[in-house]
>>> print(open('query.txt').read())   # compact mmCIF, C-alpha atoms
# COMPACT_ATOMS: atom_id res chain seq x y z
CA MET J 1 -69.92 -80.62 69.77
CA LYS J 2 -68.17 -79.67 73.02
CA GLY J 3 -69.54 -78.48 76.33
CA ALA J 4 -72.95 -80.12 76.24
CA THR J 5 -74.48 -81.14 79.55
CA GLY J 6 -77.61 -82.96 80.63
CA ALA J 7 -79.74 -85.49 78.75
CA ALA J 8 -79.39 -83.71 75.40
CA GLU J 9 -75.65 -84.48 75.48
CA ASN J 10 -76.50 -88.00 74.36
CA TYR J 11 -77.21 -86.55 70.90
CA LEU J 12 -75.01 -83.47 70.86
CA SER J 13 -71.85 -85.40 71.70
CA ARG J 14 -72.50 -87.95 68.96
CA TYR J 15 -73.13 -85.58 66.07
CA ASP J 16 -69.55 -85.50 64.74
CA GLU J 17 -69.47 -89.30 64.63
CA PHE J 18 -72.88 -89.30 62.94
CA GLU J 19 -71.84 -86.75 60.32
CA ALA J 20 -68.70 -88.71 59.48
CA LYS J 21 -70.84 -91.75 58.66
CA LEU J 22 -73.44 -89.97 56.55
CA GLY J 23 -71.88 -90.79 53.20
CA ARG J 24 -74.41 -90.18 50.42
CA ASN J 25 -76.84 -88.76 53.00
CA GLY J 26 -74.45 -85.91 53.80
CA SER J 27 -74.71 -83.58 50.80
CA SER J 28 -72.45 -80.65 51.60
CA TRP J 29 -75.14 -78.02 51.02
CA VAL J 30 -77.31 -79.59 53.75
CA LEU J 31 -74.58 -79.58 56.43
CA PRO J 32 -75.04 -75.90 57.43
CA LEU J 33 -78.77 -76.58 57.92
CA ARG J 34 -77.99 -79.63 60.03
CA LYS J 35 -75.54 -77.72 62.23
CA LYS J 36 -77.94 -74.81 62.74
CA ALA J 37 -80.58 -77.29 63.84
CA LEU J 38 -78.12 -79.04 66.15
CA THR J 39 -77.17 -75.72 67.74
CA ARG J 40 -80.81 -74.85 68.22
CA PHE J 41 -81.50 -78.23 69.80
CA GLY J 42 -78.65 -77.57 72.19
CA GLU J 43 -80.34 -74.31 73.16
CA LEU J 44 -83.86 -75.71 73.46
CA ARG J 45 -83.03 -79.08 75.02
CA PHE J 46 -85.82 -81.55 75.61
CA PRO J 47 -89.10 -79.86 76.57
CA THR J 48 -90.56 -80.15 80.06
CA PRO J 49 -94.13 -79.91 81.40
CA LYS J 50 -93.25 -76.39 82.57
CA GLU J 51 -93.55 -75.28 78.94
CA GLU J 52 -97.10 -74.50 77.83
CA GLU J 53 -96.92 -76.54 74.62
CA TRP J 54 -95.77 -79.61 76.58
CA ARG J 55 -97.75 -79.16 79.77
CA HIS J 56 -99.52 -82.53 79.51
CA THR J 57 -96.76 -84.49 77.74
CA ASN J 58 -93.74 -85.42 79.81
CA VAL J 59 -90.95 -86.70 77.56
CA ALA J 60 -88.67 -87.63 80.47
CA PRO J 61 -88.97 -91.36 79.56
CA ILE J 62 -87.43 -90.53 76.15
CA GLU J 63 -84.55 -88.67 77.82
CA ARG J 64 -83.89 -91.43 80.34
CA ARG J 65 -83.48 -94.09 77.68
CA ARG J 66 -80.76 -92.11 75.88
CA PHE J 67 -81.59 -93.52 72.45
CA LEU J 68 -78.65 -93.66 70.08
CA PRO J 69 -78.85 -92.09 66.61
CA ALA J 70 -79.37 -94.99 64.23
CA GLY J 71 -76.21 -94.07 62.31
CA SER J 72 -74.01 -94.37 65.40
CA VAL J 73 -74.69 -98.06 65.98
CA ALA J 74 -74.44 -101.06 63.72
CA ASP J 75 -77.56 -101.06 61.60
CA SER J 76 -79.79 -104.09 62.04
CA PRO J 77 -80.47 -106.09 58.89
CA PRO J 78 -83.95 -105.53 57.47
CA PRO J 79 -86.62 -107.96 58.63
CA ASP J 80 -87.74 -110.99 56.67
CA ARG J 81 -90.56 -110.28 54.25
CA ALA J 82 -92.96 -112.41 56.28
CA GLU J 83 -92.48 -110.09 59.25
CA TRP J 84 -93.65 -106.94 57.49
CA GLU J 85 -95.53 -107.85 54.32
CA ARG J 86 -98.88 -107.74 56.12
CA PHE J 87 -98.46 -103.95 56.33
CA THR J 88 -98.12 -103.38 52.59
CA LEU J 89 -100.68 -101.90 50.22
CA ARG J 90 -98.76 -102.93 47.14
CA ALA J 91 -101.66 -103.98 44.91
CA ASP J 92 -103.61 -100.87 45.84
CA SER J 93 -100.85 -98.29 45.37
CA ALA J 94 -99.15 -96.53 42.48
CA ALA J 95 -95.82 -96.97 44.29
CA GLU J 96 -94.74 -98.26 47.66
CA LEU J 97 -91.57 -97.01 49.31
CA VAL J 98 -90.37 -99.12 52.25
CA PHE J 99 -88.03 -97.72 54.93
CA TRP J 100 -86.19 -99.61 57.66
CA ASN J 101 -85.16 -97.50 60.67
CA GLY J 102 -85.36 -94.40 58.52
CA LEU J 103 -83.45 -95.70 55.49
CA TRP J 104 -85.02 -96.43 52.11
CA MET J 105 -84.93 -100.11 51.15
CA PRO J 106 -85.14 -100.21 47.33
CA GLY J 107 -85.09 -104.01 47.35
CA LEU J 108 -88.23 -104.09 49.49
CA SER J 109 -89.98 -101.27 47.66
CA THR J 110 -92.21 -101.37 44.60
CA VAL J 111 -91.50 -98.39 42.36
CA PRO J 112 -92.51 -98.33 38.67
CA GLY J 113 -90.05 -97.30 36.01
CA PRO J 114 -89.76 -93.64 35.03
CA VAL J 115 -93.14 -91.93 34.95
CA LYS J 116 -93.38 -88.57 33.21
CA GLY J 117 -93.81 -85.72 35.66
CA ILE J 118 -93.19 -87.80 38.81
CA ARG J 119 -90.20 -88.44 41.01
CA TRP J 120 -90.54 -90.77 43.97
CA GLY J 121 -87.78 -92.33 45.99
CA SER J 122 -85.05 -91.65 48.50
CA LEU J 123 -84.63 -88.14 49.89
CA ALA J 124 -80.92 -88.89 50.41
CA ASP J 125 -80.53 -89.47 46.67
CA ALA J 126 -82.60 -86.41 45.82
CA LEU J 127 -80.40 -84.17 48.00
CA VAL J 128 -77.62 -84.86 45.52
CA GLU J 129 -79.64 -84.83 42.31
CA GLU J 130 -82.42 -82.30 42.99
CA ARG J 131 -80.79 -79.55 45.05
CA ALA J 132 -82.41 -76.68 43.12
CA ARG J 133 -85.87 -78.13 43.69
CA ILE J 134 -85.37 -79.15 47.32
CA GLU J 135 -83.29 -76.35 48.85
CA PRO J 136 -86.09 -73.71 48.92
CA HIS J 137 -88.29 -76.05 50.98
CA LEU J 138 -86.26 -78.42 53.16
CA GLY J 139 -86.35 -77.02 56.68
CA HIS J 140 -88.29 -73.91 55.65
CA HIS J 141 -91.82 -75.08 56.50
CA ALA J 142 -91.32 -77.31 59.54
CA SER J 143 -89.35 -74.85 61.64
CA PHE J 144 -86.85 -76.08 64.20
CA GLN J 145 -86.63 -72.73 65.97
CA GLU J 146 -89.33 -73.56 68.54
CA HIS J 147 -89.66 -77.34 68.29
CA PRO J 148 -86.78 -79.36 69.76
CA PHE J 149 -87.77 -82.63 68.12
CA VAL J 150 -87.92 -81.00 64.67
CA ALA J 151 -84.44 -79.61 65.39
CA LEU J 152 -83.27 -83.10 66.37
CA ASN J 153 -84.72 -84.56 63.17
CA THR J 154 -83.17 -81.86 60.98
CA ALA J 155 -79.74 -82.53 62.46
CA PHE J 156 -79.92 -86.32 62.42
CA PHE J 157 -82.11 -87.41 59.50
CA ARG J 158 -80.42 -89.92 57.24
CA ASP J 159 -83.11 -90.50 54.67
CA GLY J 160 -86.83 -90.43 53.99
CA SER J 161 -88.98 -89.91 50.94
CA PHE J 162 -88.97 -87.26 48.25
CA LEU J 163 -92.11 -87.01 46.14
CA HIS J 164 -92.38 -84.52 43.31
CA ILE J 165 -95.70 -84.50 41.47
CA GLY J 166 -95.38 -82.44 38.30
CA GLU J 167 -97.74 -79.81 36.96
CA GLY J 168 -101.07 -81.28 35.88
CA VAL J 169 -100.18 -84.84 36.93
CA LYS J 170 -103.07 -86.76 38.51
CA LEU J 171 -102.37 -90.07 40.23
CA ASP J 172 -105.30 -92.49 40.35
CA LYS J 173 -103.75 -94.66 43.09
CA PRO J 174 -102.04 -93.71 46.37
CA VAL J 175 -98.32 -93.53 47.00
CA HIS J 176 -97.58 -95.57 50.13
CA LEU J 177 -94.66 -94.71 52.42
CA LEU J 178 -94.12 -97.63 54.80
CA PHE J 179 -91.81 -96.96 57.75
CA LEU J 180 -90.66 -100.01 59.71
CA SER J 181 -88.71 -99.68 62.94
CA GLY J 182 -87.12 -102.17 65.28
CA GLY J 183 -84.29 -104.66 65.27
CA SER J 184 -82.13 -106.15 67.97
CA GLY J 185 -79.22 -104.73 69.90
CA ALA J 186 -78.85 -101.15 71.17
CA GLU J 187 -81.92 -98.99 71.58
CA ALA J 188 -81.83 -96.62 68.62
CA SER J 189 -83.67 -93.64 67.24
CA SER J 190 -84.65 -93.00 63.64
CA HIS J 191 -85.44 -89.60 62.16
CA PRO J 192 -87.17 -90.05 58.79
CA ARG J 193 -87.65 -86.87 56.77
CA ASN J 194 -90.24 -86.53 54.00
CA LEU J 195 -90.65 -83.76 51.45
CA ILE J 196 -93.71 -83.70 49.17
CA LEU J 197 -94.01 -81.12 46.38
CA ALA J 198 -97.30 -80.98 44.46
CA GLU J 199 -97.10 -78.63 41.48
CA ARG J 200 -99.96 -76.62 39.94
CA GLU J 201 -103.11 -78.54 38.97
CA SER J 202 -101.74 -81.85 40.30
CA GLU J 203 -103.64 -84.41 42.37
CA ALA J 204 -102.34 -87.24 44.55
CA THR J 205 -103.03 -89.36 47.61
CA ILE J 206 -100.15 -90.02 50.01
CA ILE J 207 -100.25 -92.62 52.80
CA GLU J 208 -97.66 -92.74 55.60
CA THR J 209 -97.66 -95.90 57.72
CA TYR J 210 -95.48 -96.32 60.83
CA VAL J 211 -95.23 -99.81 62.34
CA SER J 212 -92.78 -101.85 64.42
CA VAL J 213 -91.10 -105.18 63.85
CA GLY J 214 -90.48 -106.73 67.26
CA GLU J 215 -90.67 -105.10 70.69
CA THR J 216 -87.26 -103.42 71.00
CA PRO J 217 -87.68 -99.91 72.48
CA HIS J 218 -87.23 -97.33 69.76
CA LEU J 219 -87.62 -93.59 69.20
CA SER J 220 -89.32 -92.71 65.92
CA ASN J 221 -88.99 -88.97 65.26
CA ALA J 222 -90.49 -88.10 61.86
CA VAL J 223 -90.95 -84.82 59.99
CA THR J 224 -93.02 -84.33 56.82
CA GLU J 225 -93.16 -81.10 54.81
CA ILE J 226 -95.84 -80.68 52.12
CA VAL J 227 -96.07 -77.90 49.53
CA VAL J 228 -99.37 -77.67 47.65
CA ARG J 229 -99.16 -75.30 44.69
CA GLU J 230 -101.97 -73.34 43.05
CA ASN J 231 -105.06 -75.45 42.23
CA ALA J 232 -103.36 -78.65 43.40
CA SER J 233 -105.11 -81.22 45.60
CA ILE J 234 -103.51 -83.60 48.11
CA ASP J 235 -105.14 -86.24 50.31
CA HIS J 236 -102.70 -87.25 53.03
CA TYR J 237 -103.19 -90.13 55.47
CA LYS J 238 -100.98 -91.16 58.35
CA VAL J 239 -101.46 -94.39 60.32
CA GLN J 240 -99.25 -94.93 63.38
CA ASP J 241 -99.53 -98.39 64.93
CA GLU J 242 -96.09 -99.01 66.40
CA SER J 243 -95.35 -101.29 69.36
CA LYS J 244 -96.09 -100.40 72.97
CA GLU J 245 -92.33 -99.93 73.54
CA THR J 246 -91.98 -97.27 70.84
CA TYR J 247 -91.90 -93.53 71.40
CA HIS J 248 -93.29 -91.67 68.40
CA VAL J 249 -92.86 -87.93 67.88
CA ALA J 250 -93.88 -86.40 64.55
CA ALA J 251 -94.44 -83.09 62.84
CA LEU J 252 -96.35 -82.45 59.63
CA GLN J 253 -96.25 -78.94 58.21
CA ALA J 254 -97.90 -77.86 54.97
CA HIS J 255 -97.74 -74.70 52.88
CA GLN J 256 -100.71 -74.08 50.58
CA GLU J 257 -101.02 -71.70 47.67
CA GLN J 258 -104.05 -70.15 46.00
CA ASN J 259 -107.10 -72.38 45.40
CA SER J 260 -105.29 -75.46 46.64
CA ARG J 261 -106.80 -78.26 48.70
CA LEU J 262 -105.23 -80.36 51.44
CA ALA J 263 -107.02 -83.05 53.44
CA SER J 264 -104.86 -84.63 56.14
CA TYR J 265 -106.13 -87.57 58.21
CA THR J 266 -104.17 -88.86 61.21
CA PHE J 267 -104.86 -92.22 62.87
CA THR J 268 -102.88 -92.92 66.04
CA PHE J 269 -103.03 -96.28 67.81
CA GLY J 270 -99.54 -97.31 68.92
CA GLY J 271 -96.60 -96.24 71.02
CA LYS J 272 -96.01 -95.64 74.71
CA ILE J 273 -95.91 -91.89 74.02
CA ALA J 274 -97.20 -90.56 70.70
CA ARG J 275 -97.02 -86.83 69.99
CA SER J 276 -98.06 -85.28 66.65
CA ASP J 277 -97.81 -81.62 65.64
CA ILE J 278 -99.85 -80.91 62.49
CA GLY J 279 -100.27 -77.58 60.75
CA SER J 280 -100.74 -75.67 57.53
CA VAL J 281 -100.21 -72.13 56.37
CA LEU J 282 -103.06 -70.99 54.09
CA ALA J 283 -100.97 -68.56 52.09
CA GLY J 284 -103.34 -67.77 49.20
CA GLU J 285 -107.00 -67.08 48.58
CA GLY J 286 -109.62 -69.77 48.01
CA ILE J 287 -107.82 -72.50 49.93
CA GLU J 288 -109.55 -75.50 51.49
CA THR J 289 -107.96 -77.42 54.38
CA VAL J 290 -109.25 -80.45 56.25
CA LEU J 291 -107.55 -81.83 59.37
CA ASP J 292 -109.21 -84.93 60.78
CA GLY J 293 -107.92 -87.40 63.30
CA LEU J 294 -108.81 -90.49 65.28
CA TYR J 295 -106.82 -91.91 68.17
CA MET J 296 -107.33 -94.84 70.48
CA GLY J 297 -105.41 -95.33 73.72
CA ARG J 298 -105.25 -98.27 76.09
CA GLU J 299 -103.23 -99.39 79.12
CA ASP J 300 -100.90 -96.48 80.02
CA GLN J 301 -100.49 -94.88 76.58
CA LEU J 302 -100.17 -91.12 76.17
CA ILE J 303 -101.45 -89.76 72.83
CA ASP J 304 -101.05 -86.04 72.13
CA HIS J 305 -102.15 -84.04 69.08
CA HIS J 306 -101.35 -80.35 68.55
CA THR J 307 -102.76 -78.65 65.45
CA PHE J 308 -102.23 -75.15 64.10
CA LEU J 309 -103.99 -73.59 61.10
CA ASP J 310 -102.66 -70.22 59.97
CA HIS J 311 -105.28 -68.36 57.91
CA ALA J 312 -103.05 -65.75 56.27
CA ARG J 313 -105.26 -64.77 53.30
CA PRO J 314 -109.00 -64.14 52.73
CA HIS J 315 -111.73 -66.46 51.39
CA CYS J 316 -110.32 -69.67 52.85
CA THR J 317 -112.07 -72.60 54.53
CA SER J 318 -110.82 -75.04 57.13
CA HIS J 319 -112.59 -77.92 58.86
CA GLU J 320 -111.07 -79.87 61.70
CA LEU J 321 -112.42 -82.89 63.57
CA TYR J 322 -110.47 -85.01 66.05
CA LYS J 323 -111.95 -87.92 67.97
CA GLY J 324 -110.37 -89.94 70.75
CA ILE J 325 -111.24 -93.27 72.38
CA LEU J 326 -109.46 -93.89 75.67
CA GLY J 327 -109.47 -96.96 77.89
CA GLY J 328 -107.36 -98.34 80.74
CA ARG J 329 -105.15 -95.64 82.30
CA SER J 330 -104.46 -93.98 78.96
CA ARG J 331 -104.32 -90.23 78.49
CA GLY J 332 -105.26 -88.14 75.50
CA VAL J 333 -104.29 -84.56 74.72
CA PHE J 334 -105.71 -82.29 72.04
CA ARG J 335 -104.67 -78.69 71.59
CA GLY J 336 -105.91 -77.07 68.39
CA LYS J 337 -105.29 -73.47 67.42
CA ILE J 338 -106.75 -71.49 64.52
CA LEU J 339 -105.09 -68.14 63.77
CA VAL J 340 -107.03 -65.72 61.55
CA ARG J 341 -104.80 -62.85 60.52
CA GLN J 342 -106.01 -59.31 59.89
CA ASP J 343 -106.07 -59.70 56.11
CA ALA J 344 -107.92 -63.02 56.22
CA GLN J 345 -111.46 -61.69 55.80
CA LYS J 346 -114.26 -64.11 54.84
CA THR J 347 -112.56 -66.97 56.67
CA ASP J 348 -114.78 -69.97 57.41
CA ALA J 349 -113.17 -72.17 60.08
CA LYS J 350 -114.65 -74.96 62.17
CA GLN J 351 -112.93 -77.07 64.80
CA GLY J 352 -114.25 -79.96 66.88
CA ASN J 353 -112.66 -82.33 69.37
CA HIS J 354 -114.63 -85.15 70.98
CA ALA J 355 -113.40 -87.85 73.36
CA LEU J 356 -115.01 -91.07 74.54
CA LEU J 357 -113.76 -92.49 77.85
CA LEU J 358 -114.09 -96.25 78.27
CA SER J 359 -112.79 -96.45 81.83
CA GLU J 360 -112.81 -94.46 85.05
CA GLU J 361 -109.04 -94.01 84.93
CA ALA J 362 -108.75 -92.67 81.39
CA VAL J 363 -108.10 -88.92 81.13
CA VAL J 364 -108.27 -86.37 78.33
CA ASN J 365 -107.06 -82.78 78.23
CA THR J 366 -108.49 -80.62 75.46
CA LYS J 367 -107.94 -76.98 74.59
CA PRO J 368 -109.45 -75.64 71.34
CA GLN J 369 -108.33 -72.09 70.55
CA LEU J 370 -109.34 -69.28 68.19
CA GLU J 371 -107.14 -66.23 67.70
CA ILE J 372 -108.93 -63.82 65.35
CA TYR J 373 -107.74 -60.44 64.05
CA ALA J 374 -110.26 -60.06 61.20
CA ASP J 375 -113.86 -58.92 61.67
CA ASP J 376 -115.72 -60.61 58.80
CA VAL J 377 -115.33 -64.29 59.59
CA LYS J 378 -117.28 -67.41 60.57
CA CYS J 379 -115.30 -69.35 63.13
CA THR J 380 -116.51 -71.95 65.62
CA HIS J 381 -114.93 -74.50 67.90
CA GLY J 382 -116.18 -77.02 70.42
CA ALA J 383 -115.13 -79.95 72.57
CA THR J 384 -116.97 -82.74 74.35
CA ILE J 385 -115.84 -85.47 76.74
CA GLY J 386 -118.13 -88.30 77.74
CA GLN J 387 -118.68 -91.98 78.32
CA ILE J 388 -120.78 -94.54 76.48
CA ASP J 389 -124.44 -93.57 76.66
CA GLU J 390 -126.17 -95.98 79.03
CA GLU J 391 -129.55 -95.63 77.33
CA SER J 392 -128.08 -96.65 73.98
CA LEU J 393 -126.27 -99.51 75.67
CA PHE J 394 -129.51 -100.66 77.34
CA TYR J 395 -131.38 -100.46 74.04
CA LEU J 396 -128.87 -102.73 72.29
CA ARG J 397 -128.78 -105.20 75.18
CA SER J 398 -132.57 -105.35 75.17
CA ARG J 399 -132.29 -106.58 71.59
CA GLY J 400 -130.24 -109.59 72.68
CA ILE J 401 -126.78 -108.11 72.07
CA SER J 402 -124.13 -108.86 74.71
CA ARG J 403 -122.66 -105.99 76.70
CA GLY J 404 -119.24 -106.35 75.05
CA ALA J 405 -120.72 -106.41 71.56
CA ALA J 406 -122.97 -103.45 72.33
CA ARG J 407 -120.01 -101.40 73.57
CA ALA J 408 -118.05 -102.32 70.46
CA LEU J 409 -120.92 -101.21 68.21
CA LEU J 410 -121.27 -97.86 69.98
CA VAL J 411 -117.52 -97.20 69.88
CA SER J 412 -117.40 -98.11 66.19
CA ALA J 413 -120.25 -95.71 65.50
CA PHE J 414 -118.39 -92.95 67.37
CA ALA J 415 -115.24 -93.56 65.29
CA GLY J 416 -117.16 -93.99 62.05
CA GLU J 417 -117.56 -90.26 61.41
CA VAL J 418 -113.80 -90.07 60.78
CA VAL J 419 -113.14 -93.59 59.45
CA ASP J 420 -115.85 -93.30 56.79
CA ARG J 421 -113.97 -90.36 55.25
CA ILE J 422 -111.04 -92.58 54.24
CA ARG J 423 -111.18 -92.88 50.46
CA PRO J 424 -108.78 -95.75 49.67
CA ASP J 425 -110.76 -98.92 50.38
CA ALA J 426 -107.73 -100.96 51.44
CA LEU J 427 -106.66 -98.34 53.97
CA ARG J 428 -110.17 -97.96 55.38
CA GLY J 429 -110.36 -101.72 55.86
CA ARG J 430 -107.01 -101.70 57.65
CA VAL J 431 -108.05 -98.95 60.07
CA GLU J 432 -111.36 -100.72 60.74
CA GLY J 433 -109.41 -103.89 61.47
CA ILE J 434 -107.15 -102.15 63.98
CA LEU J 435 -110.17 -100.69 65.76
CA ALA J 436 -111.98 -104.02 65.82
CA ALA J 437 -108.96 -105.83 67.25
CA ARG J 438 -108.86 -103.43 70.21
CA LEU J 439 -112.53 -103.77 71.17
CA PRO J 440 -114.22 -106.62 73.03
CA GLU J 441 -116.05 -108.71 70.43
CA GLY J 442 -115.15 -106.07 67.86
CA LYS J 443 -113.47 -108.47 65.44
CA ARG J 444 -116.47 -110.78 65.37
CA ILE J 445 -118.81 -107.86 64.78
CA LYS J 446 -116.69 -106.54 61.90
CA GLU J 447 -116.66 -109.98 60.23
CA SER J 448 -120.46 -110.24 60.47
CA LEU J 449 -121.18 -106.85 58.90
>>> encode(input="query.txt", output="structure tokens")
Amino acid sequence: MKGATGAAENYLSRYDEFEAKLGRNGSSWVLPLRKKALTRFGELRFPTPKEEEWRHTNVAPIERRRFLPAGSVADSPPPDRAEWERFTLRADSAAELVFWNGLWMPGLSTVPGPVKGIRWGSLADALVEERARIEPHLGHHASFQEHPFVALNTAFFRDGSFLHIGEGVKLDKPVHLLFLSGGSGAEASSHPRNLILAERESEATIIETYVSVGETPHLSNAVTEIVVRENASIDHYKVQDESKETYHVAALQAHQEQNSRLASYTFTFGGKIARSDIGSVLAGEGIETVLDGLYMGREDQLIDHHTFLDHARPHCTSHELYKGILGGRSRGVFRGKILVRQDAQKTDAKQGNHALLLSEEAVVNTKPQLEIYADDVKCTHGATIGQIDEESLFYLRSRGISRGAARALLVSAFAGEVVDRIRPDALRGRVEGILAARLPEGKRIKESL
């Protein structure tokens, strides 16, 4: 693409080379979508703090590093099994799809033979084999018109997961999508793309895990689109625990139909900058949506969550709870918006955001929003920011508990309201372990419980 200037040129000028190397990932029917997204990225460029949606999140460090698209450099060989196997949930999952820098690794994955009513595997393969099923959805829910990183992903994604859960199919174990990033050599970016289609009356649990192998700086720019058909139910979990040299930007956008249920839980622990945009369109009556999140920042991390729930039809319910724990010089951002359209009478929507500051230098910016055009609704929102309660701390210390252990107990109790909602036991244990490892005396306390 000619004539590009500024930091975005790093990507715009490399697109032709990237497209030439796509191979099986470059299905011809997807190319017009890619080029539209590339053009839009060229118009939007990287966002700046002058833009309202990015006021508290400066992505200049991402621009300065000029990450290369993963397809434009020699791909690093996948890591040895010993380096990543600790992140698996193989025994506790119906299938586990492993990705290395955005590409599916079938040799590292555990996928059962053909299962009636289910397709799980590489999105790149599905673009060739499942065009009729994918084309109405890919790029239609997570819009790149206003989000530059979604545009960048849409132009440069090489692979990701495609999950199709057929009508009436009910999975009794989760599907685990494990995304590994890292490697040696040039600093690269990966742009994994996931599409999940849950047909009528189906039920499934999906887990996305993002982790790093090594400390090489990396940009992980992920997009997930979820379609939940009539009377279907999806539990979705995302755990991001990448290295402190990783920049993680992600968007999750769902579309729900009548009487469907979506519960999405986001747990953010890693990355130098971690930004997540999460939303759902409640496009039918009788829909239930849950958006919960827990994040923990330390040192100089920046963790940003933006949520948007679009109540488009009546008689729908949404509940949203985000909690943050911030220490060191870390910064947290939460901006949650609930839109209730004129036809969405009898909406019941609740939103809460609560932050716990563990140091004098930690900062949080929170902005809950309600935009209501209907008159028969029940909508509430609230936000709190505070420090550890000294009376509670004194009480625990008076019972012979050290200050570090007492702080760890109080922080664990604060996080527990979200953590206790995790249904898969193995995943809940993993999240508890991450929390414990980041708290003074937390690991010892967890082992004694």
>>> residues_around(input="query.txt", residues="Lys323 of chain J", least_positions_apart="6", cutoff="9 Å", atoms="all atoms listed in the file", output="list of chain:residue names")
J:Asp292, J:Gly293, J:Leu294, J:Tyr295, J:Met296, J:Gly352, J:Asn353, J:His354, J:Ala355, J:Leu356, J:Phe414, J:Ala415, J:Glu417, J:Val418
>>> write_last_selection(input="query.txt", atoms="C-alpha atoms", output="compact mmCIF listing (two decimals), keeping the file's coordinate frame")
# COMPACT_ATOMS: atom_id res chain seq x y z
CA ASP J 292 -109.21 -84.93 60.78
CA GLY J 293 -107.92 -87.40 63.30
CA LEU J 294 -108.81 -90.49 65.28
CA TYR J 295 -106.82 -91.91 68.17
CA MET J 296 -107.33 -94.84 70.48
CA GLY J 352 -114.25 -79.96 66.88
CA ASN J 353 -112.66 -82.33 69.37
CA HIS J 354 -114.63 -85.15 70.98
CA ALA J 355 -113.40 -87.85 73.36
CA LEU J 356 -115.01 -91.07 74.54
CA PHE J 414 -118.39 -92.95 67.37
CA ALA J 415 -115.24 -93.56 65.29
CA GLU J 417 -117.56 -90.26 61.41
CA VAL J 418 -113.80 -90.07 60.78
>>> atom_distance(input="query.txt", atom1="atom CA of Arg403 of chain J", atom2="atom CA of Ile303 of chain J")
27.0 Å
>>> residues_around(input="query.txt", residues="segment 217-220 of chain J", least_positions_apart="6", cutoff="8 Å", atoms="all atoms listed in the file", output="ChimeraX atom specification")
/J:62,67,181-182,187-192,245-250
>>> residues_near_point(input="query.txt", point="(-103.3, -87.4, 56.3)", cutoff="9 Å", atoms="only C-alpha atoms", output="list in words")
Thr205, Ile206, Ile207, Glu208, Asp235, His236, Tyr237, Lys238, Val239, Leu262, Ala263, Ser264, Tyr265, Thr266, Phe267, Leu291, Asp292 and Gly293 of chain J
>>> atom_distance(input="query.txt", atom1="atom CA of Ser260 of chain J", atom2="atom CA of Glu432 of chain J")
29.6 Å
>>> closest_residue(input="query.txt", among="J:Ala91, J:Leu33, J:Cys316, J:Ile165", to="Pro136 of chain J", atoms="all atoms listed in the file")
J:Leu33
>>> residues_around(input="query.txt", residues="Lys272 of chain J", least_positions_apart="2", cutoff="10 Å", atoms="all atoms listed in the file", output="list in words")
Pro61, Pro217, Glu242, Ser243, Lys244, Glu245, Thr246, Tyr247, His248, Phe269, Gly270, Ala274, Gly297, Arg298, Glu299, Asp300, Gln301, Leu302, Ile303 and Ser330 of chain J
>>> write_last_selection(input="query.txt", atoms="C-alpha atoms", output="PDB file, in the frame of the given file")
ATOM      1  CA  PRO J  61     -88.970 -91.360  79.560  1.00  0.00           C
ATOM      2  CA  PRO J 217     -87.680 -99.910  72.480  1.00  0.00           C
ATOM      3  CA  GLU J 242     -96.090 -99.010  66.400  1.00  0.00           C
ATOM      4  CA  SER J 243     -95.350-101.290  69.360  1.00  0.00           C
ATOM      5  CA  LYS J 244     -96.090-100.400  72.970  1.00  0.00           C
ATOM      6  CA  GLU J 245     -92.330 -99.930  73.540  1.00  0.00           C
ATOM      7  CA  THR J 246     -91.980 -97.270  70.840  1.00  0.00           C
ATOM      8  CA  TYR J 247     -91.900 -93.530  71.400  1.00  0.00           C
ATOM      9  CA  HIS J 248     -93.290 -91.670  68.400  1.00  0.00           C
ATOM     10  CA  PHE J 269    -103.030 -96.280  67.810  1.00  0.00           C
ATOM     11  CA  GLY J 270     -99.540 -97.310  68.920  1.00  0.00           C
ATOM     12  CA  ALA J 274     -97.200 -90.560  70.700  1.00  0.00           C
ATOM     13  CA  GLY J 297    -105.410 -95.330  73.720  1.00  0.00           C
ATOM     14  CA  ARG J 298    -105.250 -98.270  76.090  1.00  0.00           C
ATOM     15  CA  GLU J 299    -103.230 -99.390  79.120  1.00  0.00           C
ATOM     16  CA  ASP J 300    -100.900 -96.480  80.020  1.00  0.00           C
ATOM     17  CA  GLN J 301    -100.490 -94.880  76.580  1.00  0.00           C
ATOM     18  CA  LEU J 302    -100.170 -91.120  76.170  1.00  0.00           C
ATOM     19  CA  ILE J 303    -101.450 -89.760  72.830  1.00  0.00           C
ATOM     20  CA  SER J 330    -104.460 -93.980  78.960  1.00  0.00           C
TER      21      SER J 330
END
>>> closest_residue(input="query.txt", among="J:Pro174, J:Ser143, J:Leu152, J:Trp100", to="Asn10 of chain J", atoms="all atoms listed in the file")
J:Leu152
>>> closest_residue(input="query.txt", among="J:Asn101, J:Glu199, J:His147, J:Asn231", to="Gly183 of chain J", atoms="only C-alpha atoms")
J:Asn101
>>> atom_distance(input="query.txt", atom1="atom CA of Lys170 of chain J", atom2="atom CA of Trp104 of chain J")
24.6 Å
>>> residues_near_point(input="query.txt", point="(-104.9, -84.0, 69.4)", cutoff="9 Å", atoms="only C-alpha atoms", output="list in words")
Arg275, Ser276, Asp277, Gly293, Leu294, Tyr295, Ile303, Asp304, His305, His306, Thr307, Tyr322, Lys323, Gly324, Gly332, Val333, Phe334, Arg335, Gly336, Asn353 and Thr366 of chain J
>>> residues_around(input="query.txt", residues="His319 of chain J", least_positions_apart="6", cutoff="7 Å", atoms="only C-alpha atoms", output="PyMOL selection string")
chain J and resi 289-291+349-351
